[in-house]
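Text of the file run_13.cif, holding mmCIF, C-alpha atoms:
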```
data_target
loop_
_atom_site.label_atom_id
_atom_site.label_comp_id
_atom_site.auth_asym_id
_atom_site.auth_seq_id
_atom_site.Cartn_x
_atom_site.Cartn_y
_atom_site.Cartn_z
CA MET A 203 -7.50 16.41 33.13
CA ALA A 204 -9.04 18.54 30.39
CA THR A 205 -8.17 17.72 26.78
CA VAL A 206 -6.32 20.44 24.90
CA ALA A 207 -8.03 21.45 21.65
CA PRO A 208 -5.81 20.89 18.59
CA SER A 209 -6.39 24.47 17.45
CA SER A 210 -4.79 25.76 20.65
CA LEU A 211 -1.56 23.83 20.15
CA LYS A 212 1.64 25.47 19.03
CA PRO A 213 2.97 24.44 15.56
CA ALA A 214 5.57 22.05 17.03
CA GLU A 215 2.96 20.48 19.31
CA ARG A 216 0.52 20.12 16.42
CA TYR A 217 3.23 18.42 14.36
CA ARG A 218 3.97 15.89 17.11
CA ALA A 219 0.31 15.19 17.81
CA ASP A 220 -0.46 14.70 14.11
CA GLN A 221 2.60 12.53 13.52
CA ALA A 222 1.85 10.36 16.58
CA PHE A 223 -1.46 9.39 14.98
CA PHE A 224 0.18 8.48 11.67
CA LEU A 225 2.82 6.42 13.47
CA ARG A 226 0.13 4.36 15.20
CA LEU A 227 -1.78 3.92 11.95
CA ALA A 228 1.41 2.91 10.09
CA ILE A 229 2.22 0.26 12.69
CA GLY A 230 -1.33 -1.09 12.56
CA ILE A 231 -1.46 -1.37 8.77
CA CYS A 232 2.02 -2.88 8.45
CA VAL A 233 1.27 -5.49 11.13
CA PHE A 234 -1.98 -6.28 9.33
CA ILE A 235 -0.20 -6.79 5.99
CA VAL A 236 2.46 -9.05 7.49
CA PHE A 237 -0.17 -11.05 9.38
CA GLY A 238 -2.25 -11.52 6.23
CA VAL A 239 0.69 -13.02 4.34
CA VAL A 240 2.16 -15.03 7.23
CA GLN A 241 -1.11 -16.69 8.22
CA TRP A 242 -1.58 -17.80 4.61
CA THR A 243 1.74 -19.63 4.76
CA ALA A 244 1.10 -20.96 8.26
CA ARG A 245 -2.18 -22.50 7.11
CA GLY A 246 -0.29 -24.56 4.52
CA PHE A 247 -1.43 -22.75 1.39
CA VAL A 248 2.18 -22.14 0.33
CA ASP A 249 4.99 -24.67 -0.09
CA VAL A 250 7.82 -22.34 0.90
CA GLY A 251 10.49 -24.69 -0.45
CA ALA A 252 8.90 -24.70 -3.89
CA VAL A 253 8.51 -20.92 -4.14
CA PRO A 254 10.80 -19.43 -6.85
CA ILE A 255 13.63 -17.16 -5.80
CA TRP A 256 12.07 -14.08 -7.39
CA VAL A 257 8.98 -14.48 -5.21
CA HIS A 258 11.19 -14.61 -2.12
CA LEU A 259 13.00 -11.50 -3.36
CA HIS A 260 9.72 -9.68 -3.91
CA GLY A 261 8.61 -10.62 -0.40
CA ALA A 262 11.92 -9.53 1.12
CA VAL A 263 11.73 -6.12 -0.56
CA MET A 264 8.13 -5.73 0.60
CA ILE A 265 9.02 -6.57 4.22
CA ALA A 266 12.00 -4.21 4.06
CA TRP A 267 9.78 -1.40 2.81
CA LEU A 268 7.18 -1.99 5.52
CA ALA A 269 9.87 -2.01 8.21
CA LEU A 270 11.38 1.17 6.81
CA PHE A 271 7.96 2.81 6.61
CA VAL A 272 7.37 2.25 10.32
CA THR A 273 10.93 3.37 11.10
CA GLN A 274 10.49 6.55 9.10
CA ASN A 275 7.28 7.40 10.93
CA ALA A 276 8.97 6.69 14.26
CA LEU A 277 11.90 8.94 13.34
CA ALA A 278 9.56 11.74 12.29
CA ASN A 279 7.65 11.30 15.53
CA SER A 280 10.82 11.55 17.62
CA GLY A 281 12.09 14.58 15.71
CA ALA A 282 15.06 12.80 14.11
CA LEU A 283 14.35 14.45 10.78
CA ALA A 284 17.92 14.43 9.46
CA LEU A 285 18.08 10.64 9.64
CA HIS A 286 14.52 10.43 8.34
CA ARG A 287 15.55 12.34 5.22
CA LYS A 288 18.64 10.18 4.65
CA LEU A 289 16.71 6.93 4.97
CA GLY A 290 14.05 8.33 2.66
CA TRP A 291 16.30 7.64 -0.32
CA ALA A 292 16.50 3.98 0.69
CA GLY A 293 12.71 3.99 0.74
CA LEU A 294 12.69 5.37 -2.77
CA VAL A 295 14.97 2.58 -4.00
CA LEU A 296 12.77 -0.09 -2.37
CA ALA A 297 9.60 1.47 -3.77
CA LEU A 298 11.06 1.54 -7.28
CA LEU A 299 12.14 -2.10 -6.94
CA LEU A 300 8.70 -3.29 -5.89
CA ALA A 301 6.92 -2.41 -9.14
CA PRO A 302 9.19 -4.37 -11.55
CA LEU A 303 9.46 -7.26 -9.08
CA ALA A 304 5.68 -7.46 -8.81
CA ALA A 305 5.33 -7.32 -12.60
CA TYR A 306 7.98 -10.00 -13.14
CA THR A 307 6.39 -12.22 -10.50
CA GLY A 308 3.06 -11.92 -12.28
CA GLN A 309 4.58 -12.72 -15.66
CA MET A 310 6.43 -15.76 -14.37
CA ALA A 311 3.35 -17.01 -12.54
CA VAL A 312 1.45 -17.03 -15.83
CA THR A 313 4.40 -18.54 -17.72
CA LEU A 314 4.88 -21.39 -15.23
CA GLY A 315 1.19 -21.99 -14.59
CA ARG A 316 1.47 -20.81 -10.98
CA VAL A 317 -1.40 -18.33 -11.05
CA PRO A 318 -3.67 -18.82 -8.00
CA PRO A 319 -6.80 -20.72 -9.08
CA ILE A 320 -9.08 -17.86 -8.06
CA PHE A 321 -7.49 -15.63 -10.75
CA THR A 322 -7.35 -15.75 -14.52
CA GLY A 323 -4.00 -15.13 -16.23
CA PRO A 324 -5.02 -11.72 -17.64
CA TYR A 325 -6.41 -10.61 -14.29
CA PHE A 326 -3.27 -11.62 -12.42
CA LEU A 327 -1.10 -9.77 -14.93
CA ALA A 328 -3.24 -6.65 -14.60
CA LEU A 329 -3.19 -6.89 -10.81
CA THR A 330 0.57 -7.32 -10.42
CA HIS A 331 1.51 -4.70 -13.02
CA ILE A 332 -0.98 -1.94 -12.16
CA GLU A 333 -0.90 -2.22 -8.39
CA GLY A 334 2.91 -2.07 -8.30
CA ALA A 335 2.95 0.90 -10.65
CA ALA A 336 0.28 2.74 -8.64
CA PHE A 337 2.20 2.17 -5.40
CA SER A 338 5.48 3.45 -6.86
CA ALA A 339 3.74 6.47 -8.39
CA MET A 340 2.24 7.44 -5.03
CA VAL A 341 5.61 7.12 -3.31
CA LEU A 342 7.27 9.26 -5.99
CA TRP A 343 4.55 11.91 -5.58
CA ALA A 344 4.98 11.86 -1.80
CA ILE A 345 8.75 12.29 -2.12
CA ALA A 346 8.28 15.12 -4.61
CA VAL A 347 6.25 17.07 -2.02
CA ARG A 348 8.33 15.99 0.98
CA ARG A 349 8.79 19.58 2.13
CA GLN A 350 5.01 19.85 2.52
CA THR A 351 4.75 17.61 5.56
CA GLU A 352 0.98 17.12 5.65
CA TRP A 353 0.86 16.17 1.96
CA HIS A 354 3.90 13.93 2.28
CA ARG A 355 2.74 11.83 5.22
CA ARG A 356 -0.77 11.38 3.78
CA LEU A 357 0.38 10.41 0.29
CA MET A 358 2.80 7.91 1.82
CA LEU A 359 -0.13 6.50 3.79
CA ALA A 360 -2.13 6.17 0.57
CA ALA A 361 0.75 4.26 -1.04
CA LEU A 362 0.75 1.88 1.92
CA VAL A 363 -3.01 1.40 1.64
CA ILE A 364 -2.68 0.45 -2.03
CA ILE A 365 -0.45 -2.51 -1.15
CA MET A 366 -2.88 -3.80 1.46
CA GLU A 367 -4.49 -5.81 -1.35
CA PRO A 368 -2.25 -8.94 -1.13
CA ALA A 369 -3.05 -9.29 2.58
CA LEU A 370 -6.75 -8.65 2.04
CA GLY A 371 -6.84 -11.20 -0.75
CA ARG A 372 -5.50 -13.79 1.69
CA LEU A 373 -7.86 -12.88 4.54
CA LEU A 374 -11.15 -12.31 2.75
CA PRO A 375 -13.30 -15.25 1.50
CA VAL A 376 -12.40 -14.50 -2.12
CA PRO A 377 -14.09 -17.58 -3.67
CA LEU A 378 -17.38 -16.55 -2.05
CA LEU A 379 -17.04 -12.91 -3.07
CA GLY A 380 -16.45 -13.78 -6.73
CA PRO A 381 -16.65 -10.71 -9.00
CA TRP A 382 -17.23 -8.46 -5.99
CA THR A 383 -13.77 -9.18 -4.56
CA GLU A 384 -12.10 -6.15 -6.11
CA TRP A 385 -14.74 -3.80 -4.75
CA VAL A 386 -14.81 -5.31 -1.26
CA ILE A 387 -11.03 -4.85 -1.10
CA ALA A 388 -11.46 -1.27 -2.34
CA ALA A 389 -14.06 -0.64 0.37
CA VAL A 390 -11.69 -1.85 3.09
CA GLN A 391 -8.89 0.32 1.71
CA LEU A 392 -11.16 3.36 1.59
CA ALA A 393 -12.33 2.65 5.13
CA THR A 394 -8.67 2.64 6.20
CA LEU A 395 -8.18 6.05 4.62
CA GLY A 396 -11.42 7.01 6.33
CA ILE A 397 -9.70 6.54 9.69
CA ALA A 398 -7.20 9.20 8.67
CA MET A 399 -10.01 11.40 7.34
CA ARG A 400 -11.78 11.17 10.69
CA HIS A 401 -8.53 12.17 12.37
CA ASP A 402 -8.23 15.18 10.08
CA LEU A 403 -11.78 16.30 10.84
CA LYS A 404 -11.22 15.96 14.55
CA PHE A 405 -7.74 17.45 14.50
CA GLY A 406 -8.04 20.25 11.96
CA GLY A 407 -11.71 20.59 11.09
CA ARG A 408 -11.31 19.44 7.49
CA ILE A 409 -10.13 16.48 5.46
CA HIS A 410 -6.75 17.16 3.92
CA PRO A 411 -6.90 17.07 0.08
CA ALA A 412 -4.06 14.53 0.00
CA LEU A 413 -6.42 11.94 1.48
CA TRP A 414 -9.01 12.63 -1.22
CA CYS A 415 -6.22 12.18 -3.77
CA GLY A 416 -5.29 8.91 -2.07
CA ALA A 417 -8.89 7.69 -2.17
CA ALA A 418 -9.10 8.60 -5.86
CA ALA A 419 -5.85 6.71 -6.51
CA VAL A 420 -7.21 3.60 -4.77
CA MET A 421 -10.37 3.62 -6.88
CA ALA A 422 -8.45 4.40 -10.08
CA THR A 423 -6.15 1.45 -9.38
CA HIS A 424 -9.05 -0.97 -9.00
CA LEU A 425 -10.84 0.34 -12.07
CA ALA A 426 -7.64 0.07 -14.11
CA ILE A 427 -7.14 -3.54 -12.97
CA VAL A 428 -10.71 -4.54 -13.88
CA PHE A 429 -10.62 -2.93 -17.32
CA ALA A 430 -7.07 -4.04 -18.15
CA ALA A 431 -7.93 -7.65 -17.26
CA ARG A 432 -10.57 -7.56 -19.98
CA ALA A 433 -8.45 -5.80 -22.58
CA PRO A 434 -7.64 -7.94 -25.66
CA VAL A 435 -3.96 -6.98 -25.55
CA VAL A 436 -3.60 -8.21 -21.94
CA THR A 437 -5.50 -11.40 -22.74
CA ALA A 438 -3.28 -12.04 -25.75
CA TYR A 439 -0.15 -11.38 -23.70
CA ALA A 440 -1.28 -13.80 -21.00
CA GLN A 441 -1.97 -16.48 -23.62
CA ALA A 442 1.46 -15.94 -25.19
CA LEU A 443 3.17 -16.27 -21.78
CA ALA A 444 1.22 -19.42 -20.93
CA ALA A 445 2.12 -20.93 -24.29
CA GLY A 446 5.79 -20.56 -23.43
#
```

Can you give me the file's structure in the form of structure tokens?
Amino acid sequence: MATVAPSSLKPAERYRADQAFFLRLAIGICVFIVFGVVQWTARGFVDVGAVPIWVHLHGAVMIAWLALFVTQNALANSGALALHRKLGWAGLVLALLLAPLAAYTGQMAVTLGRVPPIFTGPYFLALTHIEGAAFSAMVLWAIAVRRQTEWHRRLMLAALVIIMEPALGRLLPVPLLGPWTEWVIAAVQLATLGIAMRHDLKFGGRIHPALWCGAAAVMATHLAIVFAARAPVVTAYAQALAAG
């Protein structure tokens, strides 16, 4: 059977075909993130019983957001847009909770001496504060342009890509990568956005500007983390937290 060119599709058909791709990509990324975290625990790197309650809370909110993200894409794909819009406000609440929970988790890790040995205190503070803020900012932007469907779905994808870092940090050989870790993670995240860019080129003949914005946000997040980790004020704050 001959393949129908995207340009020949009616608007409703184009919407469904475009959304079907983003649903598959959402499922793939969310499964990847969950696998990255779960395998870390399964390999015995985490004593679940000794993990503080706020870490469990942060993880629960993250899992809830990932589940809702897939659900939202599935609803959009099936045409259940009224329910999609209602649940979107729950997504906003979860997204706004993630940033302060990530920041608090980072602060308490430094205070209690629970920072992973591959990180310095200042770096871990920068990572947990900036990444959470960047994620929430992308979600807020996506919600602000929710009536522009193509912008909305691609900015939401970019927000999801930003929070791939915890999973990547648990799957990549970080001790071997050393100072290149941040940039290897950035490369994987950009490659993930590249999958969507390839889809855009094939589907519409051009890369949607929202994906370029997402790629810029990913790089800006990593640059901000690297520079903030070296900033005297962050170093001093980390030392003050560690001192109790």

> Given the file above and the PyMOL selection byres ((chain A and resi 273) around 12), which residues are selected, and can you give them as a list in words?
Replying inline: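 Here the PyMOL selection byres ((chain A and resi 273) around 12) matches Phe224, Leu225, Arg226, Ala228, Ile229, Cys232, Ala266, Trp267, Leu268, Ala269, Leu270, Phe271, Val272, Gln274, Asn275, Ala276, Leu277, Ala278, Asn279, Ser280, Ala282, Leu283, Leu285, His286, Arg287, Leu289, Gly290, Ala292 and Gly293 of chain A.
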
> Which residues fall under the PyMOL selection byres ((chain A and resi 445) around 10) in this file, as a ChimeraX atom specification?
Replying inline: /A:312-315,439-444,446

> How many Å lie between atom CA of Pro375 of chain A and atom CA of Ile387 of chain A, rounded to one decimal?
Replying inline: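 Rounded to one decimal, the two atoms are 11.0 Å apart.
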
>> Assuming the chain letters and numbering stay as they are in my file, what does the PyMOL selection byres ((chain A and resi 426-429) around 8) actually select? List them as a ChimeraX atom specification.
In response: /A:325,328-329,332-333,422-425,430-433

> Do you know which residues are at most 7 Å from segment 339-349 of chain A counting all atoms listed in the file, after dropping those on the same chain fewer than 3 positions away, and could you put them as a list of chain:residue names?
Replying inline: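 Counting all atoms listed in the file, the residues come to A:Ala297, A:Ala335, A:Ala336, A:Trp353, A:His354, A:Leu357, A:Met358, A:Ala361.
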
>> Using all atoms listed in the file, can you tell me which of A:Ala438, A:Arg218, A:Phe326, A:Ala412 comes closest to Glu352 of chain A?
In response: A:Ala412

> Using all atoms listed in the file, which of A:Gln391, A:Thr307, A:Ser338, A:Gln350 sits nearest Val295 of chain A?
Replying inline: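 Nearest candidate to Val295 of chain A out of A:Gln391, A:Thr307, A:Ser338, A:Gln350: A:Ser338.
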
>> Between atom CA of Thr330 of chain A and atom CA of Met264 of chain A, what is the distance in Å, rounded to a tenth?
In response: 13.5 Å

>> Please report the interatomic distance between atom CA of Pro318 of chain A and atom CA of Phe247 of chain A in Å with one decimal.
In response: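 One can read the atom CA of Pro318 of chain A to atom CA of Phe247 of chain A distance as 10.4 Å.
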
Show me, as AutoDock Vina command-line options, the centre and edge lengths in Å to one decimal of the axis-aligned box that covers every listed atom of segment 262-271 of chain A with 6 Å on each side.
```
--center_x 9.6 --center_y -3.4 --center_z 3.8 --size_x 16.8 --size_y 24.3 --size_z 20.8
```

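By only C-alpha atoms, and with residues fewer than 6 positions from Ala388 of chain A along its chain excluded, the set lying at most 10 Å from it is A:Val363, A:Ile364, A:Met366, A:Glu367, A:Leu370, A:Trp382, A:Thr394, A:Ala417, A:Val420, A:Met421, A:Thr423, A:His424, A:Leu425.
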
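Among the candidates A:Gly334, A:Phe223, A:Glu215, A:Gly323, the residue lying nearest to Asp402 of chain A is A:Phe223 (atoms considered: all atoms listed in the file).
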
>> List the spatial neighbours of Met399 of chain A as a PyMOL selection string - criterion: any atom at most 10 Å away, only C-alpha atoms, same-chain residues fewer than 2 positions off excluded.
In response: chain A and resi 356+392-397+401-405+408-414

>> Using all atoms listed in the file and a cutoff of 12 Å, can you tell me which residues are near (5.3, -19.0, -6.2) in the file's coordinates, and write them out as a PyMOL selection string?
In response: chain A and resi 243+247-261+304+306-318

> Nearest to Pro324 of chain A: which of A:Leu300, A:Ile265, A:Leu359, A:Val435 is it, counting all atoms listed in the file?
Replying inline: A:Val435
